[in-house]
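Pasted below: input23.cif, mmCIF, C-alpha atoms and all ligand atoms.
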```cif
data_model
loop_
_atom_site.label_atom_id
_atom_site.label_comp_id
_atom_site.auth_asym_id
_atom_site.auth_seq_id
_atom_site.Cartn_x
_atom_site.Cartn_y
_atom_site.Cartn_z
CA MET A 8 10.90 -16.10 15.09
CA ILE A 9 9.29 -16.50 11.67
CA ASP A 10 7.85 -13.01 11.20
CA LEU A 11 4.76 -13.12 8.97
CA ARG A 12 3.14 -10.02 10.52
CA SER A 13 3.73 -7.77 7.55
CA ASP A 14 6.02 -6.93 4.65
CA THR A 15 6.74 -3.70 6.55
CA VAL A 16 9.20 -5.68 8.71
CA THR A 17 11.66 -6.24 5.84
CA LYS A 18 15.21 -5.13 6.71
CA PRO A 19 17.59 -3.43 4.24
CA THR A 20 19.78 -5.75 2.17
CA ALA A 21 23.59 -5.59 2.27
CA ALA A 22 23.50 -3.72 -1.06
CA MET A 23 21.08 -1.20 0.44
CA LYS A 24 23.32 -0.66 3.47
CA GLN A 25 26.34 -0.13 1.22
CA GLY A 26 24.29 2.29 -0.87
CA MET A 27 23.43 4.22 2.29
CA ILE A 28 27.12 4.55 3.15
CA ASP A 29 28.11 5.61 -0.37
CA ALA A 30 25.14 7.96 -0.97
CA GLU A 31 25.91 11.44 -2.27
CA VAL A 32 23.85 13.89 -0.21
CA GLY A 33 22.76 17.53 -0.08
CA ASP A 34 20.00 19.64 1.42
CA ASP A 35 16.75 18.39 -0.14
CA VAL A 36 14.77 21.44 0.99
CA TYR A 37 16.90 23.26 -1.63
CA LYS A 38 16.44 20.20 -3.92
CA GLU A 39 20.20 19.65 -3.72
CA ASP A 40 20.29 16.00 -2.61
CA PRO A 41 21.45 14.21 -5.80
CA THR A 42 20.36 10.79 -4.55
CA ILE A 43 16.82 11.92 -3.71
CA ASN A 44 16.62 13.73 -7.07
CA LYS A 45 17.71 10.50 -8.80
CA LEU A 46 15.15 8.42 -6.90
CA GLU A 47 12.34 10.87 -7.70
CA GLU A 48 13.25 10.98 -11.41
CA LEU A 49 13.50 7.18 -11.55
CA ALA A 50 10.18 6.71 -9.75
CA ALA A 51 8.37 9.24 -11.98
CA GLU A 52 9.61 7.42 -15.08
CA LYS A 53 8.65 3.97 -13.77
CA LEU A 54 5.19 5.17 -12.69
CA GLY A 55 4.55 7.02 -15.95
CA LYS A 56 4.08 10.41 -14.28
CA GLU A 57 5.70 13.82 -14.84
CA ALA A 58 7.17 14.10 -11.34
CA ALA A 59 7.53 12.33 -7.99
CA LEU A 60 8.21 13.16 -4.35
CA PHE A 61 10.04 11.08 -1.73
CA VAL A 62 7.98 10.91 1.48
CA THR A 63 8.54 9.24 4.85
CA SER A 64 5.73 6.69 4.71
CA GLY A 65 2.72 5.46 2.78
CA THR A 66 0.45 7.22 5.25
CA GLN A 67 2.25 10.52 4.76
CA GLY A 68 2.09 10.05 1.00
CA ASN A 69 -1.64 9.34 1.04
CA GLN A 70 -2.40 12.25 3.34
CA ILE A 71 -0.30 14.69 1.29
CA ALA A 72 -2.23 13.56 -1.80
CA VAL A 73 -5.56 14.28 -0.07
CA LEU A 74 -4.29 17.68 1.14
CA THR A 75 -3.07 18.51 -2.37
CA HIS A 76 -6.20 17.42 -4.27
CA CYS A 77 -8.88 18.62 -1.82
CA VAL A 78 -10.05 21.69 0.07
CA SER A 79 -11.63 21.44 3.52
CA GLY A 80 -15.32 20.62 3.32
CA ASN A 81 -14.82 18.27 0.35
CA GLU A 82 -16.10 14.70 0.36
CA VAL A 83 -13.69 11.88 -0.51
CA LEU A 84 -15.01 8.60 -1.98
CA LEU A 85 -13.01 5.56 -0.93
CA GLU A 86 -13.39 1.84 -0.37
CA LYS A 87 -14.93 0.87 2.98
CA ASP A 88 -11.89 -1.13 4.23
CA SER A 89 -9.21 0.96 2.55
CA HIS A 90 -6.07 1.87 4.48
CA ILE A 91 -6.78 5.60 4.16
CA PHE A 92 -10.16 5.05 5.85
CA TYR A 93 -9.39 2.14 8.18
CA TYR A 94 -5.80 2.61 9.37
CA GLU A 95 -4.67 6.25 9.09
CA GLY A 96 -5.99 7.46 12.43
CA GLY A 97 -8.65 9.72 10.97
CA ALA A 98 -5.86 11.87 9.50
CA ILE A 99 -7.95 12.60 6.41
CA SER A 100 -10.39 14.57 8.57
CA ALA A 101 -7.88 15.86 11.12
CA PHE A 102 -5.51 17.40 8.53
CA ALA A 103 -7.47 17.92 5.31
CA GLY A 104 -10.82 18.65 6.98
CA VAL A 105 -12.66 16.49 4.47
CA GLN A 106 -15.39 13.93 5.04
CA THR A 107 -15.22 10.37 3.83
CA ARG A 108 -17.90 8.44 2.01
CA THR A 109 -17.14 4.74 1.89
CA ILE A 110 -18.05 2.51 -1.04
CA PRO A 111 -18.32 -1.29 -0.80
CA SER A 112 -16.26 -3.48 -3.11
CA VAL A 113 -15.71 -7.01 -4.32
CA ASN A 114 -12.11 -7.83 -3.38
CA GLY A 115 -11.24 -4.14 -3.43
CA ALA A 116 -12.85 -3.44 -6.82
CA MET A 117 -15.54 -0.78 -6.45
CA ASN A 118 -18.36 -0.53 -9.00
CA PRO A 119 -17.79 2.52 -11.25
CA LEU A 120 -21.56 3.06 -11.47
CA GLU A 121 -21.84 3.09 -7.68
CA ILE A 122 -19.01 5.62 -7.55
CA GLU A 123 -20.70 7.77 -10.21
CA SER A 124 -23.97 7.81 -8.24
CA ALA A 125 -22.04 8.88 -5.12
CA ILE A 126 -20.42 11.92 -6.77
CA ARG A 127 -21.96 15.09 -5.34
CA GLY A 128 -21.61 18.87 -5.32
CA GLN A 129 -24.16 20.42 -7.68
CA ASP A 130 -26.77 21.10 -5.00
CA ILE A 131 -26.23 23.90 -2.44
CA HIS A 132 -26.73 21.38 0.38
CA GLU A 133 -24.00 19.05 -0.84
CA PRO A 134 -20.22 18.90 -0.31
CA GLU A 135 -18.20 18.77 -3.50
CA THR A 136 -16.55 15.42 -4.23
CA GLY A 137 -12.86 16.33 -4.06
CA LEU A 138 -11.22 12.97 -4.66
CA ILE A 139 -11.78 9.28 -5.40
CA CYS A 140 -9.30 6.86 -3.80
CA ILE A 141 -8.50 3.32 -4.98
CA GLU A 142 -6.26 0.78 -3.21
CA ASN A 143 -4.32 -1.79 -5.26
CA THR A 144 -3.41 -4.40 -4.12
CA HIS A 145 -6.11 -4.25 -1.48
CA ASN A 146 -4.74 -5.10 1.97
CA ARG A 147 -7.91 -6.00 3.88
CA ALA A 148 -9.27 -7.95 0.90
CA GLY A 149 -6.19 -10.15 1.30
CA GLY A 150 -3.74 -8.49 -1.08
CA SER A 151 -6.17 -8.79 -3.96
CA VAL A 152 -5.27 -7.35 -7.36
CA VAL A 153 -7.89 -4.81 -8.48
CA PRO A 154 -8.20 -5.45 -12.24
CA LYS A 155 -6.96 -2.63 -14.47
CA GLU A 156 -10.29 -2.76 -16.33
CA ASN A 157 -12.02 -1.83 -13.08
CA MET A 158 -9.56 1.03 -12.51
CA LYS A 159 -10.21 2.20 -16.08
CA GLY A 160 -13.97 2.28 -15.46
CA ILE A 161 -13.51 4.31 -12.28
CA TYR A 162 -11.07 6.70 -13.97
CA GLN A 163 -13.50 7.26 -16.88
CA VAL A 164 -16.32 8.14 -14.46
CA ALA A 165 -14.01 10.40 -12.45
CA SER A 166 -12.77 12.20 -15.56
CA LYS A 167 -16.32 12.74 -16.79
CA HIS A 168 -17.06 14.54 -13.51
CA HIS A 169 -13.64 16.27 -13.27
CA VAL A 170 -12.79 14.47 -10.01
CA PRO A 171 -9.14 13.35 -9.50
CA VAL A 172 -8.26 9.74 -8.67
CA HIS A 173 -5.56 8.88 -6.12
CA LEU A 174 -4.22 5.33 -6.02
CA ASP A 175 -2.93 3.97 -2.74
CA GLY A 176 -0.48 1.65 -4.41
CA ALA A 177 1.44 0.64 -1.29
CA ARG A 178 1.74 -2.83 -2.91
CA LEU A 179 1.18 -1.83 -6.55
CA PHE A 180 4.38 -3.57 -7.65
CA ASN A 181 2.91 -6.78 -6.21
CA ALA A 182 -0.16 -6.22 -8.42
CA ALA A 183 2.00 -5.65 -11.51
CA VAL A 184 4.18 -8.72 -10.88
CA ALA A 185 1.15 -10.92 -10.12
CA SER A 186 -0.54 -9.67 -13.32
CA ASN A 187 2.68 -10.02 -15.31
CA CYS A 188 2.23 -6.52 -16.71
CA SER A 189 3.86 -3.11 -16.52
CA ILE A 190 2.97 -0.95 -13.53
CA LYS A 191 1.97 1.78 -16.01
CA ASN A 192 -1.00 -0.40 -17.00
CA PHE A 193 -2.44 0.56 -13.61
CA THR A 194 -1.06 4.07 -13.09
CA GLN A 195 -2.45 5.28 -16.46
CA TYR A 196 -5.84 5.31 -14.73
CA THR A 197 -4.80 7.60 -11.89
CA THR A 198 -4.21 11.31 -11.28
CA SER A 199 -1.75 10.57 -8.47
CA VAL A 200 -0.25 7.40 -7.02
CA GLN A 201 1.53 6.40 -3.80
CA ILE A 202 3.87 3.40 -3.75
CA CYS A 203 5.76 2.00 -0.76
CA LEU A 204 9.51 1.41 -1.00
CA SER A 205 9.54 0.03 2.55
CA LYS A 206 7.23 -2.98 2.17
CA GLY A 207 7.91 -5.87 -0.18
CA LEU A 208 10.57 -3.86 -2.02
CA GLY A 209 12.65 -3.99 1.14
CA ALA A 210 13.81 -0.39 1.67
CA PRO A 211 14.14 0.65 5.34
CA VAL A 212 12.04 3.80 5.00
CA GLY A 213 9.82 5.66 2.64
CA SER A 214 7.29 5.95 -0.11
CA ILE A 215 6.89 7.85 -3.34
CA ILE A 216 3.96 9.93 -4.52
CA ALA A 217 3.79 10.76 -8.21
CA GLY A 218 1.63 12.93 -10.47
CA ASP A 219 1.94 15.92 -12.82
CA HIS A 220 4.37 18.77 -12.14
CA LYS A 221 1.65 21.02 -10.68
CA PHE A 222 0.51 18.29 -8.27
CA ILE A 223 4.04 17.48 -7.07
CA THR A 224 4.92 21.17 -6.58
CA LYS A 225 1.87 21.59 -4.33
CA ALA A 226 2.54 18.24 -2.63
CA ARG A 227 6.15 19.26 -1.84
CA LYS A 228 4.81 22.36 -0.07
CA TRP A 229 2.32 20.26 1.92
CA ARG A 230 5.13 17.92 2.92
CA LYS A 231 7.13 20.93 4.17
CA ARG A 232 4.11 22.28 6.10
CA LEU A 233 3.86 18.88 7.82
CA GLY A 234 7.50 19.11 8.85
CA GLY A 235 8.48 16.61 6.17
CA GLY A 236 11.18 18.76 4.57
CA LEU A 237 14.11 16.38 4.16
CA ARG A 238 17.76 17.38 4.48
CA GLN A 239 20.61 14.96 3.62
CA ALA A 240 18.10 12.06 3.26
CA GLY A 241 19.93 10.64 0.27
CA VAL A 242 21.10 8.01 2.76
CA LEU A 243 17.46 6.85 2.78
CA ALA A 244 16.81 7.41 -0.92
CA ALA A 245 19.74 5.18 -1.94
CA PRO A 246 18.05 1.98 -0.73
CA GLY A 247 14.88 3.22 -2.41
CA ILE A 248 16.71 3.27 -5.75
CA ILE A 249 17.82 -0.33 -5.14
CA ALA A 250 14.24 -1.22 -4.18
CA LEU A 251 12.95 0.05 -7.54
CA THR A 252 15.76 -1.39 -9.67
CA GLN A 253 16.56 -4.73 -8.01
CA MET A 254 13.68 -5.83 -5.77
CA VAL A 255 10.60 -5.83 -8.02
CA GLU A 256 10.82 -9.07 -10.01
CA ARG A 257 11.60 -11.10 -6.87
CA LEU A 258 8.14 -10.26 -5.47
CA ALA A 259 7.04 -13.34 -7.41
CA ILE A 260 8.92 -15.39 -4.79
CA ASP A 261 6.80 -13.85 -2.02
CA HIS A 262 3.70 -14.71 -4.03
CA GLU A 263 4.87 -18.31 -4.47
CA ASN A 264 5.57 -18.54 -0.73
CA ALA A 265 2.09 -17.18 0.06
CA SER A 266 0.52 -19.78 -2.24
CA LEU A 267 2.62 -22.49 -0.58
CA LEU A 268 1.44 -21.30 2.84
CA ALA A 269 -2.21 -21.16 1.73
CA SER A 270 -2.18 -24.63 0.17
CA GLY A 271 -0.49 -26.04 3.28
CA ILE A 272 -3.05 -24.41 5.59
CA LYS A 273 -5.86 -26.06 3.62
CA ASN A 274 -4.60 -29.36 5.11
CA VAL A 275 -4.65 -28.04 8.69
CA SER A 276 -7.92 -28.97 10.43
CA GLY A 277 -9.78 -26.04 11.96
CA LEU A 278 -8.10 -23.43 9.75
CA GLU A 279 -9.73 -21.93 6.66
CA VAL A 280 -8.08 -19.69 4.06
CA VAL A 281 -10.72 -17.08 3.20
CA ASN A 282 -9.07 -15.08 0.39
CA THR A 283 -7.96 -15.92 -3.12
CA VAL A 284 -4.21 -15.52 -2.72
CA ASP A 285 -3.32 -13.17 -5.59
CA THR A 286 -0.09 -11.89 -4.03
CA ASN A 287 1.70 -12.07 -0.64
CA ILE A 288 -1.18 -12.06 1.85
CA VAL A 289 -3.07 -15.05 3.32
CA LEU A 290 -6.17 -14.47 5.47
CA VAL A 291 -7.12 -17.36 7.76
CA ASP A 292 -10.29 -17.94 9.78
CA VAL A 293 -9.40 -19.70 13.05
CA SER A 294 -12.92 -19.88 14.55
CA LYS A 295 -13.15 -23.67 14.15
CA LYS A 296 -10.16 -23.93 16.50
CA GLY A 297 -12.42 -22.64 19.29
CA LEU A 298 -10.04 -19.72 19.78
CA ASN A 299 -10.32 -16.04 18.86
CA SER A 300 -7.63 -14.46 16.74
CA LYS A 301 -5.70 -12.97 19.67
CA GLU A 302 -5.65 -16.31 21.54
CA TYR A 303 -4.53 -18.16 18.43
CA LEU A 304 -1.79 -15.60 17.73
CA GLU A 305 -0.52 -16.04 21.29
CA ARG A 306 -0.19 -19.81 20.70
CA LEU A 307 1.55 -19.09 17.41
CA LYS A 308 4.00 -16.69 19.07
CA GLU A 309 4.81 -19.24 21.80
CA ASN A 310 5.77 -21.56 18.94
CA GLY A 311 7.95 -19.09 17.07
CA VAL A 312 5.59 -17.70 14.41
CA LEU A 313 4.24 -14.13 14.24
CA ALA A 314 1.13 -12.92 12.42
CA VAL A 315 -1.46 -10.17 13.01
CA PRO A 316 -5.17 -10.08 13.90
CA PHE A 317 -7.51 -8.99 11.07
CA GLY A 318 -10.79 -9.48 12.94
CA PRO A 319 -12.24 -11.42 15.92
CA SER A 320 -11.45 -14.78 14.32
CA LEU A 321 -9.33 -13.72 11.33
CA ILE A 322 -5.54 -13.54 11.10
CA ARG A 323 -3.25 -12.25 8.36
CA PHE A 324 0.00 -13.85 7.23
CA THR A 325 2.18 -11.74 4.93
CA THR A 326 5.18 -13.20 3.11
CA HIS A 327 8.16 -11.02 2.28
CA TYR A 328 11.88 -10.85 1.43
CA ASP A 329 13.02 -11.90 4.92
CA VAL A 330 10.98 -15.12 5.02
CA SER A 331 12.32 -18.05 2.99
CA LYS A 332 10.44 -21.00 1.52
CA GLU A 333 12.00 -23.20 4.21
CA GLN A 334 10.69 -20.87 6.92
CA VAL A 335 7.20 -21.04 5.37
CA GLN A 336 7.40 -24.83 5.50
CA LYS A 337 8.54 -24.61 9.15
CA ALA A 338 5.63 -22.29 9.93
CA LEU A 339 3.25 -24.81 8.35
CA ALA A 340 4.68 -27.58 10.52
CA THR A 341 4.07 -25.34 13.54
CA LEU A 342 0.47 -24.64 12.50
CA ASN A 343 -0.09 -28.40 12.42
CA THR A 344 0.94 -28.70 16.06
CA ILE A 345 -1.38 -26.01 17.45
CA HIS A 346 -4.74 -27.39 18.66
C1 LIG B 1 -2.52 -0.48 1.52
C2 LIG B 1 -1.65 0.32 2.45
N1 LIG B 1 -1.53 1.65 2.24
C3 LIG B 1 -0.76 2.42 3.05
C4 LIG B 1 -0.08 1.86 4.13
C5 LIG B 1 0.72 2.79 5.02
O1 LIG B 1 2.08 2.62 4.85
P1 LIG B 1 3.04 3.12 6.01
O2 LIG B 1 2.49 4.41 6.53
O3 LIG B 1 3.03 2.03 7.05
O4 LIG B 1 4.37 3.27 5.35
C6 LIG B 1 -0.17 0.49 4.38
C7 LIG B 1 0.58 -0.11 5.56
N2 LIG B 1 -0.08 -1.26 6.04
C8 LIG B 1 0.43 -1.83 7.25
C9 LIG B 1 0.43 -3.36 7.09
O5 LIG B 1 -0.20 -3.83 6.10
O6 LIG B 1 1.03 -4.03 7.93
C10 LIG B 1 -0.41 -1.40 8.47
C11 LIG B 1 -1.81 -1.98 8.39
O7 LIG B 1 -0.52 -0.02 8.44
C12 LIG B 1 -0.97 -0.30 3.53
O8 LIG B 1 -1.10 -1.63 3.73
#
```
Would you write the structure of this file as structure tokens?
Amino acid sequence: MIDLRSDTVTKPTAAMKQGMIDAEVGDDVYKEDPTINKLEELAAEKLGKEAALFVTSGTQGNQIAVLTHCVSGNEVLLEKDSHIFYYEGGAISAFAGVQTRTIPSVNGAMNPLEIESAIRGQDIHEPETGLICIENTHNRAGGSVVPKENMKGIYQVASKHHVPVHLDGARLFNAAVASNCSIKNFTQYTTSVQICLSKGLGAPVGSIIAGDHKFITKARKWRKRLGGGLRQAGVLAAPGIIALTQMVERLAIDHENASLLASGIKNVSGLEVVNTVDTNIVLVDVSKKGLNSKEYLERLKENGVLAVPFGPSLIRFTTHYDVSKEQVQKALATLNTIH
């Protein structure tokens, strides 16, 4: 099977597995796991923040950030197709007791003026705006890079109104590599940031959230309340260290493979690439094949290629560490055989 469903399917490298075996461990609830401490220090430095916290997933990281920034009854401004809104099971309301107010975007970039006009709280009838969330790269926009200038504009508006900004940076390293710039160019315009170790960076488990010391202290308590207190989890932090130190630059290969896939699909009749391929995601409209996305994916699976539905006639291909250029070329040959 050529698995293009998601970069979440990446398996740990041999170096990561060896690191897991060799990891020095301790009880992280007492902050005594040296490998987790090393990962958190490394991540904080790379993200340009005072402190960081190792969490079990991007969803947990995002939800802990909302719980830490907000109080129940707050309103959270976020992009209308963002992961926090679209894919986290309503956790933002279930756990934090906040309401969401979605903002449209162009390829994930929301208009700072539209955000400013949505900020509320002065009137007795209104909820206070507790948080503004950005997503970069933007998954449902096709892995688009949200320009740092746009993030700067949003951060300036948020700061003027004393509202924190949380960045869902599940694929932020993809944005930095695609933009050929330091990740701090993006994180400088955030109060807190979540990055995934377990997607394109290849770690088996986990994410990092980062912010100032006060934020991370509160976030650590929220993680404990959610049953996320880790014990000898250095065995999982070790591959995370390798992810941050050895797996970033190679994301460019995933981007090249996505561009190769997209340009090949342009020659397949009945298929239409609908996103500008900034990073490792290709969105394809299959409606001209006379099939819906689920039917088309079934045909694909029968022929050894996996992808995911992204709408009634839209499918998503995601390139990653475990799919080679040759496998992308094989997948293209398969796409040419499906009618
Ligand atoms: C932008 C963004 N933020 C957060 C998350 C959540 O990360 P996890 O909870 O899966 O670790 C994801 C995962 N995205 C997954 C995928 O793309 O296959 C699915 C949709 O949940 C994400 O794309």
Discussion item. Residues contacting ligand LIG 1 (chain B) - anything with an atom at most 7 Å away, using only C-alpha atoms and all ligand atoms - can you give me those as a list in words?
Written reply: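 Checked against 7 Å with only C-alpha atoms and all ligand atoms; the hits are Arg12, Ser13, Asp14, Thr15, Ser64, Gly65, Thr66, Gln67, Ser89, His90, Ile91, Tyr94, Glu142, Thr144, His145, Asn146, Asp175, Gly176, Ala177, Arg178, Cys203, Ser205, Gly213 and Ser214 of chain A.
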Would you mind listing, for every residue of segment 204-227 of chain A within 12 Å of segment 41-54 of chain A, the two atoms forming the shortest contact and the distance between them in Å to one decimal, using only C-alpha atoms, sorted by chain and ascending residue number, as CSV?
```
residue,atom,partner,partner_atom,distance
A:Leu204,CA,A:Ala50,CA,10.3
A:Gly213,CA,A:Leu46,CA,11.3
A:Ser214,CA,A:Ala50,CA,10.1
A:Ile215,CA,A:Ala50,CA,7.3
A:Ile216,CA,A:Ala51,CA,8.7
A:Ala217,CA,A:Ala51,CA,6.1
A:Gly218,CA,A:Ala51,CA,7.8
A:Asp219,CA,A:Ala51,CA,9.3
A:His220,CA,A:Ala51,CA,10.3
A:Ile223,CA,A:Ala51,CA,10.5
A:Arg227,CA,A:Glu47,CA,12.0
```
With C-alpha atoms retained, write the just-selected residues as a CSV table (one decimal), in the coordinates of the input.
```
chain,number,residue,atom,x,y,z
A,204,LEU,CA,9.5,1.4,-1.0
A,213,GLY,CA,9.8,5.7,2.6
A,214,SER,CA,7.3,6.0,-0.1
A,215,ILE,CA,6.9,7.8,-3.3
A,216,ILE,CA,4.0,9.9,-4.5
A,217,ALA,CA,3.8,10.8,-8.2
A,218,GLY,CA,1.6,12.9,-10.5
A,219,ASP,CA,1.9,15.9,-12.8
A,220,HIS,CA,4.4,18.8,-12.1
A,223,ILE,CA,4.0,17.5,-7.1
A,227,ARG,CA,6.2,19.3,-1.8
```
Discussion item. Set the distance at 10 Å and use all atoms listed in the file: which residues neighbour Val280 of chain A once local chain neighbours fewer than 6 positions away are removed? I'd like the list as a list in words.
Written reply: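 The filter keeps Leu268, Ala269, Ser270, Gly271, Ile272, Lys273, Val289, Leu290, Val291, Asp292, Val293, Leu321, Ile322 and Arg323 of chain A.
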Discussion item. Given only C-alpha atoms as the basis, pick out the residue of A:Leu179, A:Leu138, A:Ile190, A:Ala30 nearest to Ile99 of chain A.
Written reply: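 Using only C-alpha atoms, Ile99 of chain A sits closest to A:Leu138.
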Discussion item. So the first atom is atom CA of Ala210 of chain A and the second is atom CA of Val172 of chain A; what is the distance between them in Å, to one decimal place?
Written reply: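 Rounded to one decimal, the two atoms are 26.4 Å apart.
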Emit as JSON the padded axis-aligned box for all listed atoms of segment 138-156 of chain A, 6 Å per side, with centre and edge lengths in Å to one decimal.
```
{"center_x": -7.6, "center_y": 1.4, "center_z": -6.2, "size_x": 20.4, "size_y": 35.1, "size_z": 32.2}
```
Practice prompt. Please identify all polymer residues within 8 Å of segment 73-88 of chain A, counting only C-alpha atoms, omitting same-chain residues fewer than 4 positions from it, and present them as an NGL selection string.
Written response: :A and (69 or 92-93 or 99 or 102-112 or 115 or 117 or 122 or 125-126 or 134-142 or 147 or 171 or 222 or 225-226 or 229)
Worksheet item: atom CA of Gly207 of chain A and atom CA of Met254 of chain A, how far apart in Å?
Response: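 For atom CA of Met254 of chain A relative to atom CA of Gly207 of chain A, the distance reads 8.0 Å.
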Discussion item. If I take atom CA of Ala72 of chain A and atom CA of Ala116 of chain A, how far is one from the other in Å, to one decimal?
Written reply: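 So the answer is 20.7 Å.
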Worksheet, complete the sentence: Counting all atoms listed in the file, the residue among A:Ala265, A:Ala148, A:Ala185, A:Leu120 that lies closest to Ala165 of chain A is A:Leu120
Practice prompt. Could you give me, as a PyMOL selection string, the residues within 8 Å of Thr20 of chain A, counting all atoms listed in the file and dropping anything in the same chain fewer than 3 positions from it?
Written response: chain A and resi 23-24+209
Worksheet entry | Shortest interatomic distance to Tyr303 of chain A - which of A:Thr326, A:Leu258, A:Asn282, A:His346, counting all atoms listed in the file |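 For Tyr303 of chain A, the nearest of the given residues is A:His346.
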Item to complete: Just the residues within 12 Å of Gly234 of chain A, please, counting all atoms listed in the file, with nothing from its chain fewer than 2 positions along; format it as a list in words.
Response: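 The neighbour list is Val36, Val62, Thr63, Gln67, Ile71, Arg227, Lys228, Trp229, Arg230, Lys231, Arg232, Gly236, Leu237 and Arg238 of chain A.
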